file my_file-v4.cif (mmCIF, C-alpha atoms)
data_input
loop_
_atom_site.group_PDB
_atom_site.id
_atom_site.type_symbol
_atom_site.label_atom_id
_atom_site.label_comp_id
_atom_site.auth_asym_id
_atom_site.auth_seq_id
_atom_site.Cartn_x
_atom_site.Cartn_y
_atom_site.Cartn_z
ATOM 1 C CA MET A 1 -21.757 17.314 9.793
ATOM 2 C CA ASN A 2 -21.149 18.806 13.191
ATOM 3 C CA ILE A 3 -18.158 18.589 15.530
ATOM 4 C CA ARG A 4 -18.878 19.225 19.193
ATOM 5 C CA GLN A 5 -17.543 18.457 22.646
ATOM 6 C CA ALA A 6 -18.528 15.002 23.861
ATOM 7 C CA THR A 7 -20.836 14.671 26.860
ATOM 8 C CA VAL A 8 -21.526 11.836 29.275
ATOM 9 C CA GLU A 9 -24.777 11.248 27.374
ATOM 10 C CA ASP A 10 -22.716 10.445 24.247
ATOM 11 C CA LEU A 11 -20.649 7.677 25.834
ATOM 12 C CA LEU A 12 -22.803 4.714 24.756
ATOM 13 C CA ASP A 13 -22.740 5.910 21.148
ATOM 14 C CA ILE A 14 -18.983 6.532 21.361
ATOM 15 C CA GLN A 15 -18.474 3.015 22.701
ATOM 16 C CA ASN A 16 -20.645 1.628 19.893
ATOM 17 C CA CYS A 17 -18.593 3.516 17.295
ATOM 18 C CA ASN A 18 -15.450 2.039 18.856
ATOM 19 C CA LEU A 19 -16.819 -1.507 18.877
ATOM 20 C CA LEU A 20 -17.797 -1.288 15.207
ATOM 21 C CA ASP A 21 -14.549 0.177 13.897
ATOM 22 C CA LEU A 22 -11.578 -0.636 16.128
ATOM 23 C CA PRO A 23 -9.953 -3.790 17.459
ATOM 24 C CA GLU A 24 -9.054 -2.110 20.774
ATOM 25 C CA ASN A 25 -12.124 -1.742 22.939
ATOM 26 C CA TYR A 26 -12.648 -0.215 26.367
ATOM 27 C CA GLN A 27 -15.009 -0.696 29.261
ATOM 28 C CA MET A 28 -17.575 2.023 29.880
ATOM 29 C CA LYS A 29 -15.814 3.138 33.081
ATOM 30 C CA TYR A 30 -12.764 4.112 31.008
ATOM 31 C CA TYR A 31 -14.866 6.392 28.778
ATOM 32 C CA LEU A 32 -16.538 7.818 31.868
ATOM 33 C CA TYR A 33 -13.145 8.478 33.477
ATOM 34 C CA HIS A 34 -12.096 10.529 30.436
ATOM 35 C CA ALA A 35 -15.400 12.408 30.254
ATOM 36 C CA LEU A 36 -15.375 13.354 33.932
ATOM 37 C CA THR A 37 -11.666 14.101 34.319
ATOM 38 C CA TRP A 38 -10.942 15.932 31.046
ATOM 39 C CA PRO A 39 -14.347 16.983 29.645
ATOM 40 C CA GLN A 40 -12.711 19.643 27.441
ATOM 41 C CA LEU A 41 -10.685 17.180 25.386
ATOM 42 C CA SER A 42 -13.037 14.617 23.830
ATOM 43 C CA TYR A 43 -15.133 15.446 20.761
ATOM 44 C CA ILE A 44 -17.680 13.754 18.567
ATOM 45 C CA ALA A 45 -18.677 14.099 14.930
ATOM 46 C CA GLU A 46 -22.378 13.749 14.233
ATOM 47 C CA ASP A 47 -24.308 13.612 10.995
ATOM 48 C CA ASP A 48 -27.252 15.861 10.145
ATOM 49 C CA ASN A 49 -29.602 13.516 12.064
ATOM 50 C CA GLY A 50 -27.510 13.715 15.252
ATOM 51 C CA LYS A 51 -26.032 10.221 14.840
ATOM 52 C CA ILE A 52 -22.488 9.956 16.203
ATOM 53 C CA VAL A 53 -20.238 8.874 13.343
ATOM 54 C CA GLY A 54 -16.832 9.552 14.893
ATOM 55 C CA TYR A 55 -15.061 10.575 18.049
ATOM 56 C CA VAL A 56 -11.741 11.407 19.632
ATOM 57 C CA LEU A 57 -11.132 10.310 23.226
ATOM 58 C CA ALA A 58 -8.290 12.253 24.802
ATOM 59 C CA LYS A 59 -6.673 12.934 28.146
ATOM 60 C CA MET A 60 -3.787 14.673 29.824
ATOM 61 C CA GLU A 61 -0.920 12.533 31.022
ATOM 62 C CA GLU A 62 -0.524 12.691 34.761
ATOM 63 C CA GLU A 63 3.237 12.329 35.186
ATOM 64 C CA PRO A 64 4.263 15.218 37.473
ATOM 65 C CA THR A 65 7.937 15.057 36.457
ATOM 66 C CA ASP A 66 7.264 15.756 32.784
ATOM 67 C CA VAL A 67 5.996 18.848 30.968
ATOM 68 C CA PRO A 68 2.208 18.950 30.578
ATOM 69 C CA HIS A 69 1.186 16.863 27.579
ATOM 70 C CA GLY A 70 -1.902 15.274 26.175
ATOM 71 C CA HIS A 71 -2.563 11.820 24.825
ATOM 72 C CA ILE A 72 -5.020 10.622 22.202
ATOM 73 C CA THR A 73 -6.519 7.467 23.659
ATOM 74 C CA SER A 74 -8.720 6.628 20.693
ATOM 75 C CA LEU A 75 -9.851 8.131 17.394
ATOM 76 C CA SER A 76 -12.459 6.563 15.158
ATOM 77 C CA VAL A 77 -14.684 7.548 12.247
ATOM 78 C CA MET A 78 -17.257 5.093 10.889
ATOM 79 C CA ARG A 79 -16.203 3.665 7.539
ATOM 80 C CA THR A 80 -18.960 5.301 5.484
ATOM 81 C CA TYR A 81 -17.938 8.741 6.813
ATOM 82 C CA ARG A 82 -14.196 8.466 6.214
ATOM 83 C CA ARG A 83 -12.234 10.679 3.803
ATOM 84 C CA LEU A 84 -14.385 13.687 4.703
ATOM 85 C CA GLY A 85 -11.825 15.328 6.989
ATOM 86 C CA LEU A 86 -13.682 14.421 10.194
ATOM 87 C CA ALA A 87 -10.717 12.731 11.893
ATOM 88 C CA GLN A 88 -8.541 15.772 11.210
ATOM 89 C CA LYS A 89 -11.194 18.148 12.594
ATOM 90 C CA LEU A 90 -11.648 16.035 15.719
ATOM 91 C CA MET A 91 -7.892 15.949 16.325
ATOM 92 C CA VAL A 92 -7.465 19.686 15.784
ATOM 93 C CA GLN A 93 -10.248 20.506 18.259
ATOM 94 C CA SER A 94 -8.854 18.200 20.915
ATOM 95 C CA THR A 95 -5.241 19.354 20.618
ATOM 96 C CA LYS A 96 -6.319 22.996 20.617
ATOM 97 C CA GLN A 97 -8.099 22.433 23.931
ATOM 98 C CA MET A 98 -5.059 20.638 25.363
ATOM 99 C CA VAL A 99 -3.075 23.841 24.868
ATOM 100 C CA GLU A 100 -5.801 26.279 25.939
ATOM 101 C CA ALA A 101 -7.071 24.411 28.997
ATOM 102 C CA PHE A 102 -3.955 22.581 30.200
ATOM 103 C CA ASP A 103 -0.948 24.358 28.623
ATOM 104 C CA ALA A 104 0.097 21.127 26.870
ATOM 105 C CA HIS A 105 3.512 21.175 25.224
ATOM 106 C CA TYR A 106 2.894 18.140 23.036
ATOM 107 C CA VAL A 107 0.392 15.391 22.339
ATOM 108 C CA SER A 108 1.196 11.707 21.992
ATOM 109 C CA LEU A 109 -0.591 8.695 20.550
ATOM 110 C CA HIS A 110 -0.006 5.090 19.554
ATOM 111 C CA VAL A 111 -0.823 3.632 16.169
ATOM 112 C CA ARG A 112 -0.453 0.120 14.768
ATOM 113 C CA LYS A 113 2.565 -0.155 12.479
ATOM 114 C CA THR A 114 0.309 -1.709 9.823
ATOM 115 C CA ASN A 115 -2.364 1.028 9.915
ATOM 116 C CA ARG A 116 -1.177 2.938 6.849
ATOM 117 C CA ALA A 117 -4.251 5.174 6.619
ATOM 118 C CA ALA A 118 -3.914 6.360 10.221
ATOM 119 C CA ILE A 119 -0.162 6.823 9.907
ATOM 120 C CA GLY A 120 -0.775 8.961 6.817
ATOM 121 C CA LEU A 121 -3.262 11.108 8.718
ATOM 122 C CA TYR A 122 -1.004 11.566 11.720
ATOM 123 C CA ARG A 123 2.306 12.021 9.898
ATOM 124 C CA ASP A 124 1.365 13.690 6.622
ATOM 125 C CA THR A 125 -1.748 15.684 7.486
ATOM 126 C CA LEU A 126 -1.311 16.472 11.185
ATOM 127 C CA GLN A 127 2.523 16.542 11.253
ATOM 128 C CA PHE A 128 3.074 13.989 14.037
ATOM 129 C CA GLU A 129 6.514 12.371 14.168
ATOM 130 C CA VAL A 130 7.479 8.860 15.224
ATOM 131 C CA HIS A 131 9.068 9.170 18.654
ATOM 132 C CA ASP A 132 9.581 5.482 19.406
ATOM 133 C CA ILE A 133 8.473 1.964 18.497
ATOM 134 C CA GLU A 134 6.774 0.017 21.272
ATOM 135 C CA LYS A 135 7.212 -3.685 20.689
ATOM 136 C CA LYS A 136 4.125 -5.886 21.137
ATOM 137 C CA TYR A 137 2.088 -2.895 22.343
ATOM 138 C CA TYR A 138 -1.252 -4.305 21.240
ATOM 139 C CA ALA A 139 -3.010 -7.336 22.742
ATOM 140 C CA ASP A 140 -2.468 -9.328 19.543
ATOM 141 C CA GLY A 141 1.292 -8.682 19.724
ATOM 142 C CA GLU A 142 1.531 -6.038 17.005
ATOM 143 C CA ASP A 143 4.070 -3.237 17.459
ATOM 144 C CA ALA A 144 2.993 0.388 17.751
ATOM 145 C CA TYR A 145 4.524 3.626 16.637
ATOM 146 C CA ALA A 146 4.573 6.055 19.547
ATOM 147 C CA MET A 147 4.019 9.384 17.802
ATOM 148 C CA ARG A 148 4.185 12.967 19.010
ATOM 149 C CA LEU A 149 3.124 16.382 17.830
ATOM 150 C CA GLN A 150 4.911 19.354 19.377
ATOM 151 C CA LEU A 151 2.300 21.957 20.357
ATOM 152 C CA LYS A 152 4.589 24.609 21.828
ATOM 153 C CA GLU A 153 8.264 25.287 22.067
ATOM 154 C CA ASP A 154 10.063 23.812 25.029
ATOM 155 C CA LYS A 155 10.933 26.567 27.458
ATOM 156 C CA LYS A 156 14.166 25.059 28.669
ATOM 157 C CA PRO A 157 16.663 27.736 29.635
ATOM 158 C CA LYS A 158 19.338 27.988 27.029
ATOM 159 C CA LEU A 159 22.862 28.027 28.306
ATOM 160 C CA PRO A 160 25.046 30.792 26.927
ATOM 161 C CA VAL A 161 27.329 29.646 24.189
ATOM 162 C CA VAL A 162 30.959 30.152 25.092
ATOM 163 C CA VAL A 163 33.110 30.808 22.108
ATOM 164 C CA GLU A 164 36.789 30.179 22.654
ATOM 165 C CA GLN A 165 39.035 32.849 21.367
ATOM 166 C CA THR A 166 42.655 32.330 20.734
ATOM 167 C CA VAL A 167 44.957 35.208 21.361
ATOM 168 C CA ALA A 168 48.066 35.351 19.289
ATOM 169 C CA ALA A 169 51.214 35.657 21.376
ATOM 170 C CA ASN A 170 53.729 38.301 20.288
#

call {"tool": "encode", "arguments": {"input": "my_file-v4.cif", "output": "structure tokens"}}
result
Amino acid sequence: MNIRQATVEDLLDIQNCNLLDLPENYQMKYYLYHALTWPQLSYIAEDDNGKIVGYVLAKMEEEPTDVPHGHITSLSVMRTYRRLGLAQKLMVQSTKQMVEAFDAHYVSLHVRKTNRAAIGLYRDTLQFEVHDIEKKYYADGEDAYAMRLQLKEDKKPKLPVVVEQTVAAN
């Protein structure tokens, strides 16, 4: 097994992997947008024959008012290659690049409330936390957990703590 950065040439195979394994599918232009805008963040897993068996599609959020943060658009590993640690390796590579290339403070993602395997990966293995619940997030009406993983400490200035002292009157 090999984990490497995704290229534009991989996009058809990534889309195929998505179509086979996930209910949420994207048009090719969406994959291309990710590959051209944030080429550092998407990775693929390939078997010993070079067949793509998993991928992570990631981006940076573009809200100028917020701290820099990444978002996992899609993560998939073909069923016969699951439970080998590939999803974890893909996620670690992508989040590492979010910090190194874009100074990301955290990474977010959405996951179906019923997807116990994915929730286990995100919460128990990768240490994501549920940040919110987005009602009817998916096209079929299912709710999503909005999850986050803190990548670096917030650098908000801390206000000095004022401790009141009482002076005894004599």

call {"tool": "resolve_selection", "arguments": {"input": "my_file-v4.cif", "expression": "the PyMOL selection byres ((chain A and resi 63-71) around 12)", "output": "number ranges by chain"}}
result
A: 34, 38, 40-42, 56-62, 72-75, 91, 94-110, 146-156

call {"tool": "atom_distance", "arguments": {"input": "my_file-v4.cif", "atom1": "atom CA of Arg112 of chain A", "atom2": "atom CA of Glu129 of chain A"}}
result
14.1 Å

call {"tool": "resolve_selection", "arguments": {"input": "my_file-v4.cif", "expression": "the PyMOL selection byres ((chain A and resi 8) around 10)", "output": "mmCIF file with C-alpha atoms, in the frame of the given file"}}
result
data_model
loop_
_atom_site.group_PDB
_atom_site.id
_atom_site.type_symbol
_atom_site.label_atom_id
_atom_site.label_comp_id
_atom_site.auth_asym_id
_atom_site.auth_seq_id
_atom_site.Cartn_x
_atom_site.Cartn_y
_atom_site.Cartn_z
ATOM 1 C CA ALA A 6 -18.528 15.002 23.861
ATOM 2 C CA THR A 7 -20.836 14.671 26.860
ATOM 3 C CA GLU A 9 -24.777 11.248 27.374
ATOM 4 C CA ASP A 10 -22.716 10.445 24.247
ATOM 5 C CA LEU A 11 -20.649 7.677 25.834
ATOM 6 C CA LEU A 12 -22.803 4.714 24.756
ATOM 7 C CA ILE A 14 -18.983 6.532 21.361
ATOM 8 C CA TYR A 31 -14.866 6.392 28.778
ATOM 9 C CA LEU A 32 -16.538 7.818 31.868
ATOM 10 C CA TYR A 33 -13.145 8.478 33.477
ATOM 11 C CA HIS A 34 -12.096 10.529 30.436
ATOM 12 C CA ALA A 35 -15.400 12.408 30.254
ATOM 13 C CA LEU A 36 -15.375 13.354 33.932
ATOM 14 C CA PRO A 39 -14.347 16.983 29.645
#

call {"tool": "atom_distance", "arguments": {"input": "my_file-v4.cif", "atom1": "atom CA of Tyr55 of chain A", "atom2": "atom CA of Gln93 of chain A"}}
result
11.0 Å

call {"tool": "residues_near_point", "arguments": {"input": "my_file-v4.cif", "point": "(8.8, -0.8, 16.7)", "cutoff": "8 Å", "atoms": "all atoms listed in the file", "output": "number ranges by chain"}}
result
A: 113, 132-135, 143-145

call {"tool": "atom_distance", "arguments": {"input": "my_file-v4.cif", "atom1": "atom CA of Val130 of chain A", "atom2": "atom CA of Arg82 of chain A"}}
result
23.5 Å

call {"tool": "residues_around", "arguments": {"input": "my_file-v4.cif", "residues": "Asp13 of chain A", "least_positions_apart": "4", "cutoff": "10 Å", "atoms": "only C-alpha atoms", "output": "PDB file with C-alpha atoms, in the frame of the given file"}}
result
ATOM      1  CA  GLU A   9     -24.777  11.248  27.374  1.00  0.00           C
ATOM      2  CA  CYS A  17     -18.593   3.516  17.295  1.00  0.00           C
ATOM      3  CA  ASN A  18     -15.450   2.039  18.856  1.00  0.00           C
ATOM      4  CA  LEU A  19     -16.819  -1.507  18.877  1.00  0.00           C
ATOM      5  CA  ILE A  44     -17.680  13.754  18.567  1.00  0.00           C
ATOM      6  CA  LYS A  51     -26.032  10.221  14.840  1.00  0.00           C
ATOM      7  CA  ILE A  52     -22.488   9.956  16.203  1.00  0.00           C
ATOM      8  CA  VAL A  53     -20.238   8.874  13.343  1.00  0.00           C
ATOM      9  CA  GLY A  54     -16.832   9.552  14.893  1.00  0.00           C
ATOM     10  CA  TYR A  55     -15.061  10.575  18.049  1.00  0.00           C
TER      11      TYR A  55
END

call {"tool": "closest_residue", "arguments": {"input": "my_file-v4.cif", "among": "A:Tyr30, A:Asn49, A:Ile3, A:His131", "to": "Val92 of chain A", "atoms": "all atoms listed in the file"}}
result
A:Ile3

call {"tool": "closest_residue", "arguments": {"input": "my_file-v4.cif", "among": "A:Arg123, A:Arg116, A:Arg4, A:Lys89", "to": "Tyr43 of chain A", "atoms": "all atoms listed in the file"}}
result
A:Arg4

call {"tool": "axis_aligned_box", "arguments": {"input": "my_file-v4.cif", "around": "segment 113-120 of chain A", "padding_each_side": "5 Å", "output": "AutoDock Vina command-line options"}}
result
--center_x -0.8 --center_y 3.6 --center_z 9.5 --size_x 16.8 --size_y 20.7 --size_z 15.9

call {"tool": "residues_around", "arguments": {"input": "my_file-v4.cif", "residues": "Thr80 of chain A", "least_positions_apart": "3", "cutoff": "12 Å", "atoms": "only C-alpha atoms", "output": "compact mmCIF listing (two decimals) with C-alpha atoms, keeping the file's coordinate frame"}}
result
# COMPACT_ATOMS: atom_id res chain seq x y z
CA CYS A 17 -18.59 3.52 17.30
CA LEU A 20 -17.80 -1.29 15.21
CA ASP A 21 -14.55 0.18 13.90
CA ASP A 47 -24.31 13.61 11.00
CA VAL A 53 -20.24 8.87 13.34
CA GLY A 54 -16.83 9.55 14.89
CA SER A 76 -12.46 6.56 15.16
CA VAL A 77 -14.68 7.55 12.25
CA ARG A 83 -12.23 10.68 3.80
CA LEU A 84 -14.38 13.69 4.70
CA LEU A 86 -13.68 14.42 10.19
